[in-house]
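What follows is one structure encoded as structure tokens, with my remarks underneath.
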Amino acid sequence: MLMKTKMATLSRTSLNLIASMFELQYVATYLALWYLFIQFCCLATWVVPWYVLVTSLVIGYRYFWCENLQIPRQEDKDCLVVIIGSGFAGICAAVRLKLQGVPFIVLEKAESLGGTWLNNQYPGNGCDTMVHMYVYSFFQSNKWTRMLEGGSSILAYLHQVSDHFQLLQHLKFNTKVEQCVFNETTSKWTVTTSTGESIQCNFIISAVGFAHIPNMPNIKGMDKFEGDIFHTSKWPKDYECKNKRVALVGTGCSGIQVMPYLARRCQQLCVLQRKAAYVLPKFDLIFPDVIKQLFKNLPFSMILLRWYIFVRLEMIYFLALIRNSHTNFLLQFIVKKIMSFQVEDPKLKDKLIPDYVLGCKRITISSDYISSFNQPNVQLIDTKIREITKDTILTEDGHSVAVDTIILATGFNALKSIAGDMKIVCPSDGKTLSEIWNDDPTAFLGTCRPGFPNFFTLLGPGTELGHNSVVWMAEQQMYLISKLISRVQKKKLKQVDVTQKAFDEFQVGFQRDLRKSVFDEPCQSWYQNEDGFSFLTWPSHCLKFWWKTRTYKNSFFQFK
């Protein structure tokens, strides 16, 4: 009996030690349950066959079918590519074109490069993808200090890439693209900018992404509020919330990241929630010195780690994102248990636990978001805001909350963002891309659309991921784009445009995969447009996207 007691004590101590190592603030038993479940499913069901399949395909395609990963340089001074945006996607395009020897310029409306990571500098911001997968395959960094890095470190990485490839000479900052018009006679685009400049180019690559136009709520009386009010992407550098009454509107990714910081510092915090979010454990890991030295002295170890992370993240698709699957149901049950165990108030549990399918909305991660609601200075309201007065928020159920600051963690308008706040005019009918995507937000591999010759999009419709890295997706798209540009140069052609047939066939497959995934569930996600169509996400695993970018046929495109 004494031996059993000692063993039980030792087990509890071990579990609590694991919990403290990962900076988690809830019962270690549920952590162990979650971890062991994932390990079992991965090892017993998917990991071994998936590793074999992926490795065989990559090795076979590269070495037996002679994939040319480094396209030969083809200097062509008469060709010019305009890249719009200098975030992860834009820099990826710039590096690829520079290695290919294609002249290009990058137009950036901000004062510096960085895209999302330049705009979003609120406290607690960071990446929810393991960092060795959230970097370029062609530029690994040994300077990371932890598995899930903060926003400032990621922004520094982008500057490091820019310096290494000497990209600053190609960038024009504070230059917003106003309009892009294609000339059928010359087969060139005319790009008009906010500086009054007019640029003639052969190709345009829009790398503006899907998270740069804030989703601003239309609330009655918001303009009458006399305190501070701002979106998380516009966080004032000198803002201090100490001893203030703060209202946080929104519980998406940014809201969940910034909320614990606010709960610790402000006098009173009121979180206004439209829909509860699934919050998974944040399995972060601070790299010890021995691991840092390993990355520094043996760079190949980072490639192996990246490969391991990629396959593990792919498992999430099979375990959590397939509609009506047993594993999705079981994961949903476990996550809800983990979340509920962190909340002391039963009424609060009902508000914080989601009532929709896991994965339909973006899955978030945090160690201390849920538990922060146990603090006496934190309040949760899950009813709609009716009106805002000069110092008070009024809700539809009668709540009245006096506040000094309103922080809008309402995310971004993905549909407006992917088209950009510019006019890209279709040469055949004069419609703009934003008008077309407002009715039908679709693209061939998220990259091109019929009627827009020599125009490509990075991270367009159907490229956001619910389980892996969008940086990886941008690289696969850029591989396809660089191949198409190379063919136009080599064959002395002028235009390339995806055919309507290839576009339609791709959409049939896309819709088929979408119906099999949880993204098609009705849950009012930012993945979806007003009609409930999940236009933003890739509804399958990443290997399938990679395969499609490598096995396209020239007949899919019309060359002139």
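Each chain in the structure tokens gets a letter, A, B, ..., in the order shown, and its residues are numbered from 1; ligands are numbered from 1 in order too.
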### Polymer residues at most 9 Å from Asn120 in chain A, only C-alpha atoms, same-chain spacing of 4 or more positions, as a PyMOL selection string
chain A and resi 115-116+125+151+232-235+254
### Selection: 12 Å around range 222-230 of chain A, only C-alpha atoms, excl. self and same-chain fewer than 2 positions, as a ChimeraX atom specification
/A:122,214-220,232-237,239-241,244-249,385-394,402-410
Keeping C-alpha atoms, export the residues of the selection given above as a short mmCIF file (atom, residue, chain, number, x, y, z; two decimals), in the first residue's frame.
```cif
data_model
loop_
_atom_site.label_atom_id
_atom_site.label_comp_id
_atom_site.auth_asym_id
_atom_site.auth_seq_id
_atom_site.Cartn_x
_atom_site.Cartn_y
_atom_site.Cartn_z
CA TYR A 122 0.65 44.31 -29.49
CA PRO A 214 -8.64 45.46 -40.06
CA ASN A 215 -12.16 44.20 -39.54
CA MET A 216 -13.70 47.26 -37.90
CA PRO A 217 -17.08 46.69 -36.19
CA ASN A 218 -19.93 49.03 -37.00
CA ILE A 219 -21.21 49.87 -33.52
CA LYS A 220 -23.60 52.70 -32.79
CA THR A 232 -4.73 45.57 -32.02
CA SER A 233 -2.89 46.07 -35.33
CA LYS A 234 -2.63 49.79 -34.49
CA TRP A 235 -1.44 49.39 -30.91
CA PRO A 236 0.11 52.69 -29.71
CA LYS A 237 3.71 52.21 -28.61
CA TYR A 239 -0.06 53.04 -24.42
CA GLU A 240 -0.19 51.99 -20.77
CA CYS A 241 -3.23 50.15 -19.39
CA LYS A 244 -7.41 51.67 -16.32
CA ARG A 245 -10.76 50.06 -17.08
CA VAL A 246 -10.33 48.25 -20.38
CA ALA A 247 -12.82 46.57 -22.73
CA LEU A 248 -11.40 43.92 -25.07
CA VAL A 249 -13.72 43.30 -28.02
CA ILE A 385 -22.88 45.39 -28.04
CA ARG A 386 -25.89 47.64 -28.55
CA GLU A 387 -24.29 51.04 -28.22
CA ILE A 388 -21.22 52.92 -27.04
CA THR A 389 -21.52 56.23 -25.21
CA LYS A 390 -18.74 58.65 -24.27
CA ASP A 391 -17.51 56.36 -21.45
CA THR A 392 -19.75 53.28 -21.39
CA ILE A 393 -20.49 50.12 -23.38
CA LEU A 394 -24.15 49.04 -23.44
CA ALA A 402 -17.85 51.89 -17.77
CA VAL A 403 -14.47 51.86 -19.55
CA ASP A 404 -11.48 54.11 -20.20
CA THR A 405 -10.15 52.16 -23.20
CA ILE A 406 -11.70 49.99 -25.92
CA ILE A 407 -9.34 47.58 -27.67
CA LEU A 408 -10.68 46.02 -30.87
CA ALA A 409 -9.28 42.50 -31.25
CA THR A 410 -11.67 41.92 -34.15
#
```
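In this model, the gap between CA of Phe165 in chain A and CA of Thr192 in chain A comes to 27.1 Å.
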### Query
Of the candidates A:Pro441, A:Pro376, A:Gly90, A:Gly420, which shows the shortest atom-to-atom distance to Ala207 in chain A, using only C-alpha atoms?
A:Gly90
Closest atom pairs, range 362-402 of chain A residues within 7 Å of range 269-273 of chain A, only C-alpha atoms, as a Markdown table:
```
| residue | atom | partner | partner_atom | distance |
| --- | --- | --- | --- | --- |
| A:Asn377 | CA | A:Leu269 | CA | 6.1 |
| A:Val378 | CA | A:Leu269 | CA | 4.8 |
| A:Gln379 | CA | A:Cys270 | CA | 4.7 |
| A:Leu380 | CA | A:Val271 | CA | 4.9 |
| A:Ile381 | CA | A:Leu272 | CA | 4.9 |
| A:Asp382 | CA | A:Gln273 | CA | 4.7 |
```
### Task
Could you give me, as a list in words, the residues within 12 Å of Cys426 in chain A, counting only C-alpha atoms and dropping anything in the same chain fewer than 3 positions from it?
Gln179, Cys180, Val181, Phe182, Asn183, Glu184, Trp189, Lys423, Asp429, Gly430, Lys431, Thr432, Leu433, Ser434, Glu435, Ile436, Trp437, Arg449, Pro450, Gly451, Phe452, Pro453, Asn454 and Phe455 of chain A
Please, could you write that set of residues out with C-alpha atoms as a PDB file, in the first residue's frame?
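Written output follows (again_39.pdb):
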```
ATOM      1  CA  GLN A 179      -4.443  50.793 -59.602  1.00  0.00           C
ATOM      2  CA  CYS A 180      -3.210  48.104 -61.989  1.00  0.00           C
ATOM      3  CA  VAL A 181      -4.374  48.130 -65.632  1.00  0.00           C
ATOM      4  CA  PHE A 182      -3.352  45.615 -68.316  1.00  0.00           C
ATOM      5  CA  ASN A 183      -2.668  46.668 -71.919  1.00  0.00           C
ATOM      6  CA  GLU A 184      -3.604  43.881 -74.353  1.00  0.00           C
ATOM      7  CA  TRP A 189       0.618  46.137 -66.717  1.00  0.00           C
ATOM      8  CA  LYS A 423      -8.026  48.474 -58.200  1.00  0.00           C
ATOM      9  CA  ASP A 429     -14.771  43.286 -68.921  1.00  0.00           C
ATOM     10  CA  GLY A 430     -13.368  46.151 -66.831  1.00  0.00           C
ATOM     11  CA  LYS A 431     -14.344  44.605 -63.493  1.00  0.00           C
ATOM     12  CA  THR A 432     -11.912  44.833 -60.616  1.00  0.00           C
ATOM     13  CA  LEU A 433     -10.531  41.775 -58.860  1.00  0.00           C
ATOM     14  CA  SER A 434     -12.148  42.851 -55.596  1.00  0.00           C
ATOM     15  CA  GLU A 435     -15.563  43.007 -57.313  1.00  0.00           C
ATOM     16  CA  ILE A 436     -15.100  39.528 -58.773  1.00  0.00           C
ATOM     17  CA  TRP A 437     -13.860  38.032 -55.514  1.00  0.00           C
ATOM     18  CA  ARG A 449      -7.627  33.493 -62.070  1.00  0.00           C
ATOM     19  CA  PRO A 450      -8.838  33.471 -65.718  1.00  0.00           C
ATOM     20  CA  GLY A 451      -9.019  36.916 -67.274  1.00  0.00           C
ATOM     21  CA  PHE A 452      -6.007  38.337 -65.434  1.00  0.00           C
ATOM     22  CA  PRO A 453      -2.976  37.530 -67.626  1.00  0.00           C
ATOM     23  CA  ASN A 454       0.496  37.839 -66.096  1.00  0.00           C
ATOM     24  CA  PHE A 455      -1.063  38.460 -62.684  1.00  0.00           C
TER      25      PHE A 455
END
```
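Computed from the coordinates, the CA of Lys109 in chain A to CA of Glu197 in chain A distance equals 13.4 Å.
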### Two-atom distance - CA of Lys143 in chain A, CA of Gln293 in chain A (Å)
9.9 Å
Distance query range 347-354 of chain A at most 6 Å, only C-alpha atoms, self and fewer than 5 positions along chain excluded, as a PDB file with N, CA and C atoms, in the first residue's frame:
```
ATOM      1  N   ALA A 276     -17.277  31.715 -28.479  1.00  0.00           N
ATOM      2  CA  ALA A 276     -16.157  31.128 -27.742  1.00  0.00           C
ATOM      3  C   ALA A 276     -15.185  30.449 -28.701  1.00  0.00           C
ATOM      4  N   ALA A 277     -13.922  30.414 -28.315  1.00  0.00           N
ATOM      5  CA  ALA A 277     -12.880  29.817 -29.152  1.00  0.00           C
ATOM      6  C   ALA A 277     -12.327  28.562 -28.492  1.00  0.00           C
ATOM      7  N   SER A 340     -12.462  23.403 -19.489  1.00  0.00           N
ATOM      8  CA  SER A 340     -13.404  23.522 -18.370  1.00  0.00           C
ATOM      9  C   SER A 340     -12.715  23.350 -17.022  1.00  0.00           C
TER      10      SER A 340
END
```
### Summary
Residue with the minimum atom-to-atom distance to Leu459 in chain A, picked from A:Asp520, A:Gly196, A:Gly252, A:Thr537 with only C-alpha atoms counted, is A:Thr537
### Task
Using DSSP on the backbone coordinates, identify the residues of range 125-309 of chain A assigned to helix (DSSP H, G or I); present them as a PyMOL selection string.
chain A and resi 151-164+168-170+222-224+232-234+253-265+289-297+300-309
